[in-house]
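Next comes work09.cif, with mmCIF, C-alpha atoms and all ligand atoms.
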```cif
data_model
#
loop_
_atom_site.group_PDB
_atom_site.id
_atom_site.type_symbol
_atom_site.label_atom_id
_atom_site.label_comp_id
_atom_site.auth_asym_id
_atom_site.auth_seq_id
_atom_site.Cartn_x
_atom_site.Cartn_y
_atom_site.Cartn_z
ATOM 1 C CA MET T 1 52.462 -18.754 -1.921
ATOM 2 C CA ARG T 2 50.106 -16.951 0.413
ATOM 3 C CA HIS T 3 47.469 -19.551 -0.331
ATOM 4 C CA PHE T 4 49.893 -22.306 0.515
ATOM 5 C CA ALA T 5 50.843 -20.610 3.767
ATOM 6 C CA ILE T 6 47.206 -20.361 4.806
ATOM 7 C CA PHE T 7 46.667 -24.002 4.025
ATOM 8 C CA PHE T 8 49.769 -24.961 5.980
ATOM 9 C CA LEU T 9 48.702 -22.997 9.022
ATOM 10 C CA THR T 10 45.216 -24.444 8.828
ATOM 11 C CA ALA T 11 46.592 -27.951 8.661
ATOM 12 C CA CYS T 12 48.851 -27.223 11.620
ATOM 13 C CA SER T 13 46.055 -25.920 13.761
ATOM 14 C CA LEU T 14 44.098 -29.118 13.207
ATOM 15 C CA MET T 15 47.007 -31.307 14.284
ATOM 16 C CA TRP T 16 48.601 -29.486 17.181
ATOM 17 C CA PRO T 17 47.673 -26.940 19.796
ATOM 18 C CA LYS T 18 48.520 -23.542 18.373
ATOM 19 C CA PRO T 19 51.982 -22.398 19.498
ATOM 20 C CA ALA T 20 52.170 -18.823 20.792
ATOM 21 C CA TRP T 21 54.417 -17.674 17.944
ATOM 22 C CA LEU T 22 51.814 -18.747 15.436
ATOM 23 C CA ALA T 23 48.993 -16.751 16.976
ATOM 24 C CA GLU T 24 50.023 -13.549 15.199
ATOM 25 C CA GLN T 25 50.113 -15.083 11.771
ATOM 26 C CA HIS T 26 47.194 -17.444 11.984
ATOM 27 C CA SER T 27 43.722 -16.235 11.217
ATOM 28 C CA ASN T 28 41.369 -15.307 13.992
ATOM 29 C CA ILE T 29 38.864 -17.820 12.764
ATOM 30 C CA GLU T 30 39.040 -21.312 14.214
ATOM 31 C CA VAL T 31 37.316 -24.022 12.216
ATOM 32 C CA GLY T 32 36.631 -27.362 13.856
ATOM 33 C CA GLU T 33 35.309 -30.833 13.047
ATOM 34 C CA PRO T 34 34.351 -30.562 9.395
ATOM 35 C CA TRP T 35 32.238 -33.569 8.439
ATOM 36 C CA SER T 36 29.667 -34.750 5.959
ATOM 37 C CA TRP T 37 27.155 -37.550 5.510
ATOM 38 C CA ALA T 38 27.894 -40.272 2.975
ATOM 39 C CA THR T 39 25.500 -40.087 0.023
ATOM 40 C CA PRO T 40 23.686 -42.722 -2.044
ATOM 41 C CA PRO T 41 25.446 -43.521 -5.358
ATOM 42 C CA THR T 42 23.019 -41.443 -7.449
ATOM 43 C CA ALA T 43 22.845 -38.421 -5.134
ATOM 44 C CA LYS T 44 23.548 -35.056 -6.715
ATOM 45 C CA VAL T 45 23.716 -33.086 -3.482
ATOM 46 C CA GLY T 46 25.268 -33.520 -0.063
ATOM 47 C CA ALA T 47 25.606 -31.535 3.134
ATOM 48 C CA ALA T 48 28.670 -30.632 5.194
ATOM 49 C CA TYR T 49 28.961 -29.362 8.760
ATOM 50 C CA LEU T 50 31.580 -27.741 10.989
ATOM 51 C CA THR T 51 32.009 -25.189 13.738
ATOM 52 C CA MET T 52 33.486 -21.697 13.336
ATOM 53 C CA ARG T 53 34.710 -19.449 16.110
ATOM 54 C CA ASN T 54 35.916 -15.879 15.880
ATOM 55 C CA ASP T 55 38.710 -15.514 18.437
ATOM 56 C CA GLY T 56 39.915 -12.260 16.950
ATOM 57 C CA GLU T 57 39.283 -8.651 17.835
ATOM 58 C CA ALA T 58 37.408 -7.741 14.686
ATOM 59 C CA VAL T 59 34.150 -8.885 13.169
ATOM 60 C CA ASP T 60 34.534 -11.147 10.161
ATOM 61 C CA SER T 61 32.094 -12.602 7.643
ATOM 62 C CA LEU T 62 31.906 -15.820 5.710
ATOM 63 C CA LEU T 63 31.245 -14.802 2.118
ATOM 64 C CA GLY T 64 31.002 -18.273 0.617
ATOM 65 C CA ALA T 65 32.637 -21.636 0.123
ATOM 66 C CA THR T 66 33.976 -23.718 -2.744
ATOM 67 C CA SER T 67 35.072 -27.323 -3.177
ATOM 68 C CA PRO T 68 36.329 -29.541 -5.991
ATOM 69 C CA ILE T 69 33.732 -32.119 -4.859
ATOM 70 C CA ALA T 70 30.771 -30.018 -6.033
ATOM 71 C CA ARG T 71 30.067 -27.448 -8.690
ATOM 72 C CA ARG T 72 28.536 -25.095 -6.172
ATOM 73 C CA VAL T 73 28.610 -24.788 -2.396
ATOM 74 C CA GLU T 74 25.910 -22.744 -0.676
ATOM 75 C CA ILE T 75 25.417 -21.748 2.955
ATOM 76 C CA HIS T 76 21.969 -22.941 3.994
ATOM 77 C CA GLN T 77 19.868 -22.429 7.075
ATOM 78 C CA MET T 78 17.174 -25.008 7.773
ATOM 79 C CA SER T 79 14.171 -23.912 9.769
ATOM 80 C CA THR T 80 10.790 -25.400 10.566
ATOM 81 C CA SER T 81 7.586 -23.421 10.716
ATOM 82 C CA ASP T 82 4.056 -24.860 10.734
ATOM 83 C CA GLY T 83 5.599 -28.305 10.514
ATOM 84 C CA VAL T 84 7.264 -27.540 7.192
ATOM 85 C CA SER T 85 11.052 -27.581 6.879
ATOM 86 C CA ARG T 86 12.558 -24.911 4.691
ATOM 87 C CA MET T 87 16.042 -24.200 3.417
ATOM 88 C CA GLN T 88 17.168 -20.642 3.110
ATOM 89 C CA GLN T 89 20.371 -19.640 1.381
ATOM 90 C CA LEU T 90 22.546 -17.171 3.267
ATOM 91 C CA ARG T 91 24.655 -14.888 1.075
ATOM 92 C CA VAL T 92 26.773 -13.706 3.989
ATOM 93 C CA LEU T 93 27.251 -15.134 7.458
ATOM 94 C CA ASP T 94 28.525 -12.617 10.003
ATOM 95 C CA LEU T 95 30.884 -13.723 12.757
ATOM 96 C CA PRO T 96 30.864 -11.182 15.584
ATOM 97 C CA VAL T 97 33.851 -11.115 17.935
ATOM 98 C CA GLY T 98 33.740 -14.072 20.309
ATOM 99 C CA SER T 99 30.949 -15.798 18.417
ATOM 100 C CA GLU T 100 30.725 -19.495 17.697
ATOM 101 C CA ILE T 101 28.554 -20.813 14.909
ATOM 102 C CA ILE T 102 27.729 -24.493 14.821
ATOM 103 C CA PHE T 103 26.676 -26.053 11.557
ATOM 104 C CA SER T 104 24.705 -29.178 12.395
ATOM 105 C CA SER T 105 22.333 -31.740 11.004
ATOM 106 C CA GLY T 106 18.893 -30.136 10.871
ATOM 107 C CA GLY T 107 20.289 -26.590 11.153
ATOM 108 C CA MET T 108 22.908 -24.616 9.311
ATOM 109 C CA HIS T 109 24.794 -26.555 6.659
ATOM 110 C CA PHE T 110 26.916 -26.241 3.572
ATOM 111 C CA MET T 111 24.947 -27.534 0.612
ATOM 112 C CA LEU T 112 27.148 -29.337 -1.877
ATOM 113 C CA ILE T 113 25.303 -28.940 -5.166
ATOM 114 C CA ASP T 114 26.067 -31.048 -8.241
ATOM 115 C CA LEU T 115 28.461 -33.498 -6.641
ATOM 116 C CA VAL T 116 31.161 -34.668 -9.029
ATOM 117 C CA ARG T 117 31.035 -38.080 -7.293
ATOM 118 C CA PRO T 118 29.168 -39.635 -4.359
ATOM 119 C CA LEU T 119 30.547 -39.109 -0.852
ATOM 120 C CA LYS T 120 31.889 -42.369 0.551
ATOM 121 C CA GLU T 121 32.333 -43.170 4.217
ATOM 122 C CA GLY T 122 35.890 -42.630 5.435
ATOM 123 C CA GLU T 123 36.911 -40.376 2.560
ATOM 124 C CA THR T 124 37.886 -36.755 2.944
ATOM 125 C CA PHE T 125 37.539 -33.835 0.571
ATOM 126 C CA PRO T 126 38.722 -30.206 0.782
ATOM 127 C CA VAL T 127 36.423 -27.222 1.207
ATOM 128 C CA GLN T 128 37.665 -23.641 0.930
ATOM 129 C CA LEU T 129 35.962 -21.150 3.223
ATOM 130 C CA HIS T 130 36.171 -17.571 1.995
ATOM 131 C CA PHE T 131 36.153 -14.937 4.729
ATOM 132 C CA LYS T 132 35.965 -11.192 4.202
ATOM 133 C CA GLY T 133 38.752 -10.320 6.649
ATOM 134 C CA THR T 134 40.705 -13.533 7.048
ATOM 135 C CA GLY T 135 40.784 -14.638 3.446
ATOM 136 C CA THR T 136 40.550 -18.296 2.525
ATOM 137 C CA ILE T 137 40.808 -21.183 4.976
ATOM 138 C CA GLU T 138 40.876 -24.692 3.566
ATOM 139 C CA VAL T 139 39.562 -27.590 5.639
ATOM 140 C CA GLU T 140 39.382 -31.345 5.050
ATOM 141 C CA VAL T 141 35.873 -32.696 5.447
ATOM 142 C CA VAL T 142 35.539 -36.264 6.756
ATOM 143 C CA VAL T 143 32.691 -38.358 5.336
ATOM 144 C CA ARG T 144 30.655 -40.276 7.915
ATOM 145 C CA ALA T 145 28.367 -43.228 7.313
ATOM 146 C CA MET T 146 24.669 -42.474 7.155
ATOM 147 C CA SER T 147 23.609 -44.326 10.289
ATOM 148 C CA LEU T 148 20.502 -46.490 10.624
ATOM 149 C CA LYS T 149 19.551 -44.406 13.618
ATOM 150 C CA HIS T 150 19.299 -41.379 11.390
ATOM 151 C CA LYS T 151 17.146 -43.195 8.896
ATOM 152 C CA SER T 152 14.626 -44.358 11.500
ATOM 153 C CA ALA T 153 11.361 -42.488 11.883
ATOM 154 C CA GLY T 154 10.685 -40.351 14.911
ATOM 155 C CA ASN T 155 14.273 -39.259 15.381
ATOM 156 C CA ALA T 156 14.387 -35.681 16.579
ATOM 157 C CA ASP T 157 17.419 -35.024 14.406
ATOM 158 C CA PRO T 158 16.887 -36.907 11.176
ATOM 159 C CA GLY T 159 19.746 -35.295 9.280
ATOM 160 C CA PRO T 160 19.561 -34.575 5.582
ATOM 161 C CA THR T 161 16.987 -36.993 4.210
ATOM 162 C CA GLU T 162 16.468 -37.990 0.598
ATOM 163 C CA GLN T 163 13.437 -35.706 0.647
ATOM 164 C CA ASP T 164 15.508 -32.733 1.741
ATOM 165 C CA HIS T 165 17.932 -33.421 -1.048
ATOM 166 C CA GLU T 166 15.177 -33.584 -3.614
ATOM 167 C CA ALA T 167 13.683 -30.395 -2.231
ATOM 168 C CA HIS T 168 17.008 -28.691 -2.795
ATOM 169 C CA GLY T 169 17.165 -29.915 -6.324
ATOM 170 C CA THR T 170 13.781 -28.492 -7.212
ATOM 171 C CA THR T 171 14.366 -25.089 -5.672
ATOM 172 C CA GLN T 172 17.425 -24.327 -7.788
HETATM 173 CU CU CU S 1 20.545 -27.148 2.168
#
```

Could you spell out this file's structure in structure tokens?
Ligand SMILES: [Cu+2]
Amino acid sequence: MRHFAIFFLTACSLMWPKPAWLAEQHSNIEVGEPWSWATPPTAKVGAAYLTMRNDGEAVDSLLGATSPIARRVEIHQMSTSDGVSRMQQLRVLDLPVGSEIIFSSGGMHFMLIDLVRPLKEGETFPVQLHFKGTGTIEVEVVVRAMSLKHKSAGNADPGPTEQDHEAHGTTQ
């Protein structure tokens, strides 16, 4: 029942501005714009992005995420040093009071490992975010088309390339 209530409140907050009476009950974590790239038919991994804001008065932490779309969901940080891109798995992601964390192509992302099916443009799938203080928040991730712009060379923000995906596969 509690799980359902959390889902209901999450769904509400995505559709309408939060009414004052809801502020007490709703979590202090605001999650916005969850999205993902579409994947090629044979892809085994995908990446999802969103923003998280801690509007509460206490620090919270993201402990992990799960989804029926993939066997495992990991929090990854992508960084580049000496011209080499690396993925680092974060076990815990702290959310200080007032902080906003933006997951974005080429930066922090949720790695969807062992996809049960490819991600198709226009589809949505649920992801459960597990917070230490707030508990679980479920969001619907919207799948976007992999644009030609992102595939072209020389783009400063190339997004998750086939190479990145393969790299993930081999580091497991
Ligand atoms: Cu990754």

*Quick one: apply the PyMOL selection byres (((not hetatm)) within 7 of (chain S and resi 1)) to the file and drop the selected residues here as a PyMOL selection string.*
chain T and resi 47+76-78+87+109-111+168

*List the neighbours of Gly122 of chain T out to 7 Å using only C-alpha atoms; skip same-chain residues closer than 5 positions along the sequence, and give me the result as a list in words.*
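My list of contacting residues is Val142, Val143 and Arg144 of chain T.
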
8 Å contact set for segment 65-73 of chain T, all atoms listed in the file, chain neighbours under 2 positions out, as a PDB file with C-alpha atoms, keeping the file's coordinate frame:
```pdb
ATOM      1  CA  LEU T  63      31.245 -14.802   2.118  1.00  0.00           C
ATOM      2  CA  ILE T  75      25.417 -21.748   2.955  1.00  0.00           C
ATOM      3  CA  PHE T 110      26.916 -26.241   3.572  1.00  0.00           C
ATOM      4  CA  MET T 111      24.947 -27.534   0.612  1.00  0.00           C
ATOM      5  CA  LEU T 112      27.148 -29.337  -1.877  1.00  0.00           C
ATOM      6  CA  ILE T 113      25.303 -28.940  -5.166  1.00  0.00           C
ATOM      7  CA  ASP T 114      26.067 -31.048  -8.241  1.00  0.00           C
ATOM      8  CA  LEU T 115      28.461 -33.498  -6.641  1.00  0.00           C
ATOM      9  CA  VAL T 116      31.161 -34.668  -9.029  1.00  0.00           C
ATOM     10  CA  ARG T 117      31.035 -38.080  -7.293  1.00  0.00           C
ATOM     11  CA  PHE T 125      37.539 -33.835   0.571  1.00  0.00           C
ATOM     12  CA  PRO T 126      38.722 -30.206   0.782  1.00  0.00           C
ATOM     13  CA  VAL T 127      36.423 -27.222   1.207  1.00  0.00           C
ATOM     14  CA  GLN T 128      37.665 -23.641   0.930  1.00  0.00           C
ATOM     15  CA  LEU T 129      35.962 -21.150   3.223  1.00  0.00           C
ATOM     16  CA  HIS T 130      36.171 -17.571   1.995  1.00  0.00           C
TER      17      HIS T 130
END
```

*Any idea what the distance is between atom CA of Glu100 of chain T and atom CA of Gly56 of chain T?*
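These atoms are spaced 11.7 Å apart.
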
_Gap from atom CA of Ser105 of chain T to atom CA of Tyr49 of chain T - Å, one decimal_ =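 Taking atom CA of Ser105 of chain T and atom CA of Tyr49 of chain T, their separation equals 7.4 Å.
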
*Any chance you could resolve the PyMOL selection byres (((chain T and resi 27-37) around 8) and not hetatm) against this file and give the residues as number ranges by chain?*
T: 14, 23-26, 38-39, 46-57, 119, 121, 134, 139-146

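Note on the selection: in this file the PyMOL selection byres (((chain T and resi 133) around 8) and not hetatm) comes out as Asp60, Ser61, Phe131, Lys132, Thr134 and Gly135 of chain T.
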
_Report, in Å to a single decimal, how far apart atom CA of Leu95 of chain T and atom CA of Ile137 of chain T are._
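Here the two named atoms are 14.7 Å from each other.
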
*Kindly indicate which residue among T:Val97, T:Val45, T:Val84, T:Leu90 lies nearest to Ala58 of chain T, using all atoms listed in the file for the distances.*
T:Val97
